[in-house]
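**Q** Take a look at this one; I'll ask things after.
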Amino acid sequence: MGELWSLLSYGPDGWGDEILAGTFVTVSLALATLPIGLVLGFLLALAKNSPEPSLRAAANIYTTVFRGLPELLTLFLVYFGGQMLLQAILAALGLPPVEVNSFVAGMIALSLVFSSYSSEVFLSAFKGITSGQYEGAGALGLSRAQTMRLVILPQLVRLALPGLSNLWLILMKETSLVSVIGLADVLRETGVAARVTREAFFFFAVACSIYLVLSIISSVGIGRLEAWARRGDFSR
Amino acid sequence: MSDTTLPPPPAPARRWTTARIAGHGFMGFWILLAGVIGWAIFGDWDSGFLVQYAPRYLNGLTTTLQLVGLAMLFGALLSLPITWARLSSNRLVGALAFGWVYFFRGTPLLAQTFLVYYGAGTFRAEFEALGLWPFFRDAFFCAVFTFSLNTSAYQAEILAGSIRNVARGQREAAAALGLSRYVTMRKIVLPQAFIVSLRPYGNEIILMIKGSAIASIVTVFDLMGETRRIFSRTFDFEAYFWAAVLYLVMVELIRRLWDRIERHLTQHLVRRTDNEA
C-alpha cells in the first residue's frame, strides 16, 4: 500500500505534480465556462420571457437542441465542426490553418450546455418575482434598466441560486468529457499515470476522490453564498 | 342607429423594437445554420452514405437502447434497498447509503466508467477465481454495471425525496385507521410518492440516454460509438449530424411520452373549471 501512495509523490518519480496540474486545468475550465454560461443563460431567459414571438421561438430551439444532445456529442460537434469551419474560413481568406484548442472547444461546448440549462433556472426564478415588484419600481420612476439592476436582479439571484449551484456541480463533472479530445485535465493525467504504472484502479480512484473533494469545497462555498443571498430575509 | 357595426380598427402596426430585431436576427441565425447544414449534406447528396451506414446507426441505436434499458432496470431494483437505507433511522445504515449516493452523484460518470472498466484489470486474479472475469472484461457489461450503480444513486435520491415529501398527516391518519406499516406504505405513501417522482424519473431516463454516449469511450459501439467509427472512416461531418438527429428524436419522444403519462396519472389532481368540463 505504501508503494501505491509513493506513486503520488511530487516530483519526477511520482505523479502528484501532473495530477495537481490536471486538477488546476479542470477547475480553470469550469471557472472559465461559468461566466459565459451564466450571461448566455440570463439573456436566453430574457428572450423566453419576451413578448416577441420570434425571439421566444429562437430561444426555445436553442434549449431544445442543447438540452437534448448528449454533452459528448455537443463537444465533438464544436470541436470537429469548429475545426472544419475555421479551416474553411481561413482557407478562403488565404491564411494558414490553425489548430483548434481543446480548452476553447470545451469551454464553448460546455457554455452552450450550461446556458441552456441555466436559462430554465433563470426563467423559473423570474416567475417567482411578482408583478408588484415591477409596478412598484415603475411607480418610483425607475427606468427599465434600473428596475432590472436594482429591484429584480437581487431577488433573482436568491431565487436562482439553488438551481445554479446544482448546475455548477454538474458542470464540474462534465469538464471530464473534455479529456476525450485531449485536454490534460485530472482524468487524462490520472489515465496516463494508470497506463504507465498499470495501477488503473488506484489512479482512477484518486481521480474520483479529487472530483469529490472539489464538489465538497464547492458545497461549502455555495452554502456561504446562499447565506449571503438570504441575508435580507427575516429570521422566523 | 343602423345594424351595421363598424369594422374593428386595424391592429396597430408592430414597431421594430430591439426585441423584434434581436428575435429576427436569432431566428435568421437558425435558418442560416439549417441552410448551411442542409447545403453541406444535400448539396452534394450522395445517397450512398445513408444506404451504406444506416444499418450501423440502427445497430448503434439498438445498443444504446439496450444499455439504457438494462441500466435503468437494474438501477431501479438496486435503488429500492438504498432508498430503504437512506430513510432508515439507523445512523450507520443511513450514513452508508448517504456515502453511496454522494459518491455516485459527486463524481463524473466517465471517471466511474474508467474505474470499473480499466480498474477491473487490477483485480483480474480475484475475478478469475470468482469466475467473473468474462463479465468485467467486456466493455458493454462494464458500462451496464457502472450505469446501473450510477443511476441507482440518482433514483434512490428521487424516491427517498418523494417519500419524505408525502405529508406526515397521511401516515398518522393511516396509523389512526389501524393500517399496518406495510399497507400504509403500499397503499398510501408509495402511490403519492410515485406521482411526485414521475417527472424526475423521466428526467433521469433522458440523462441516462445522453450519458450513455460515454460508453463509446470504452469501446462500446453504441450510437455514439458507431458514429465515431463512421466519422473516422469517412471524415464526413454528416456522420455526427445523423447521430444528433437520432439523439434529439429519442429525447423529444421520451419527453412527450412522459408529459402524456403524467397528464394521464394526475387527472384527479387537476382542478376543472366550469367552462372546461
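The way I read the labels, and the way they are meant: chains A, B, ... in the order of the C-alpha cells, residue 1 as the first residue of every chain, and ligand 1 as the first ligand shown, with later ones counted on from there.
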Which residues are near A:Ser131? Cut-off 12 Å, only C-alpha atoms, ignore same chain within fewer than 6 positions. Put them as number ranges by chain.
**A** A: 137-138, 147, 151-152
**Q** Could you write out the selected residues, including N, CA, C and O atoms, as a PDB file, in the first residue's frame?
**A**
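Once written, again_12.pdb looks like this:
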```pdb
ATOM      1  N   ALA A 137     -41.491  49.484  -8.860  1.00  0.00           N
ATOM      2  CA  ALA A 137     -40.324  50.153  -9.424  1.00  0.00           C
ATOM      3  C   ALA A 137     -40.757  51.225 -10.407  1.00  0.00           C
ATOM      4  O   ALA A 137     -40.198  52.327 -10.443  1.00  0.00           O
ATOM      5  N   GLY A 138     -41.811  50.911 -11.186  1.00  0.00           N
ATOM      6  CA  GLY A 138     -42.316  51.892 -12.145  1.00  0.00           C
ATOM      7  C   GLY A 138     -42.860  53.113 -11.418  1.00  0.00           C
ATOM      8  O   GLY A 138     -42.632  54.256 -11.835  1.00  0.00           O
ATOM      9  N   THR A 147     -34.728  49.188 -13.011  1.00  0.00           N
ATOM     10  CA  THR A 147     -35.609  48.202 -12.378  1.00  0.00           C
ATOM     11  C   THR A 147     -34.930  46.850 -12.357  1.00  0.00           C
ATOM     12  O   THR A 147     -34.884  46.159 -11.336  1.00  0.00           O
ATOM     13  N   VAL A 151     -33.871  46.221  -8.611  1.00  0.00           N
ATOM     14  CA  VAL A 151     -35.011  45.566  -7.967  1.00  0.00           C
ATOM     15  C   VAL A 151     -35.083  44.075  -8.302  1.00  0.00           C
ATOM     16  O   VAL A 151     -35.216  43.236  -7.416  1.00  0.00           O
ATOM     17  N   ILE A 152     -34.987  43.764  -9.577  1.00  0.00           N
ATOM     18  CA  ILE A 152     -35.236  42.381  -9.993  1.00  0.00           C
ATOM     19  C   ILE A 152     -34.016  41.493  -9.752  1.00  0.00           C
ATOM     20  O   ILE A 152     -34.128  40.426  -9.138  1.00  0.00           O
TER      21      ILE A 152
END
```
**Q** List as a ChimeraX atom specification the protein and nucleic acid residues near B:Phe136, meaning an atom at most 12 Å away when only C-alpha atoms are counted, but skip any in the same chain fewer than 5 places from it.
**A** /B:113-128,130-131,141-146
**Q** Show me, as a list of chain:residue names, every residue of chain A with an atom at most 6 Å from chain B, counting only C-alpha atoms.
**A**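 The complete set of qualifying residues is A:Glu52, A:Ser54, A:Leu55, A:Ala58, A:Gly68, A:Leu69, A:Pro70, A:Lys173, A:Ala200, A:Phe201, A:Phe204, A:Cys208, A:Tyr211, A:Leu212.
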**Q** The selected residues should be written to file as a PDB file, in the first residue's frame (atoms: C-alpha atoms).
**A**
```pdb
ATOM      1  CA  GLU A  52     -41.793  38.958 -29.171  1.00  0.00           C
ATOM      2  CA  SER A  54     -39.708  35.148 -32.901  1.00  0.00           C
ATOM      3  CA  LEU A  55     -37.325  35.742 -30.004  1.00  0.00           C
ATOM      4  CA  ALA A  58     -35.444  31.046 -31.367  1.00  0.00           C
ATOM      5  CA  GLY A  68     -31.377  17.137 -25.972  1.00  0.00           C
ATOM      6  CA  LEU A  69     -27.918  16.378 -27.325  1.00  0.00           C
ATOM      7  CA  PRO A  70     -25.501  14.297 -25.271  1.00  0.00           C
ATOM      8  CA  LYS A 173     -18.231  16.792 -13.558  1.00  0.00           C
ATOM      9  CA  ALA A 200      -5.603   1.672 -13.076  1.00  0.00           C
ATOM     10  CA  PHE A 201      -7.926   1.149 -10.137  1.00  0.00           C
ATOM     11  CA  PHE A 204      -8.987   6.328 -11.213  1.00  0.00           C
ATOM     12  CA  CYS A 208     -12.835  10.204  -8.310  1.00  0.00           C
ATOM     13  CA  TYR A 211     -13.786  15.285  -8.004  1.00  0.00           C
ATOM     14  CA  LEU A 212     -15.407  14.501  -4.655  1.00  0.00           C
TER      15      LEU A 212
END
```
**Q** Set the distance at 8 Å and use only C-alpha atoms: which residues neighbour A:Leu44 once local chain neighbours fewer than 6 positions away are removed? I'd like the list as a VMD selection string.
**A** chain A and resid 59 115 to 116 119
**Q** Which of these, B:Pro134, B:Gly169, B:Pro191, B:Gly75, has the shortest distance to B:Phe147 once you count only C-alpha atoms?
**A** B:Gly75
**Q** Please return, as a PyMOL selection string, all residues of stretch 70-243 of chain B that DSSP assigns to alpha helix (DSSP H) on the basis of the backbone.
**A** chain B and resi 70-87+91-106+109-117+124-130+133-137+139-165+168-176+181-183+190-211+223-234+238-243
**Q** Expressed in Å to a single decimal, how great is the separation between atom CA of A:Ser111 and atom CA of A:Leu159?
**A** 21.4 Å
**Q** From the options B:Ile261, B:Leu223, B:Leu159, B:Leu253, which residue's atoms come nearest to B:Leu61, counting only C-alpha atoms?
**A**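 Smallest distance to B:Leu61 is found for B:Leu223.
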**Q** For A:Met84, find every residue with an atom within 12 Å (counting only C-alpha atoms), except residues of its own chain fewer than 4 positions away, and show them as number ranges by chain.
**A** A: 76-80, 88-91, 97-100; B: 40, 235-237
**Q** Which residues are near B:Val196? Cut-off 9 Å, only C-alpha atoms, ignore same chain within fewer than 4 positions. Put them as a VMD selection string.
**A** chain B and resid 159 162 to 163 165 to 166 192 200
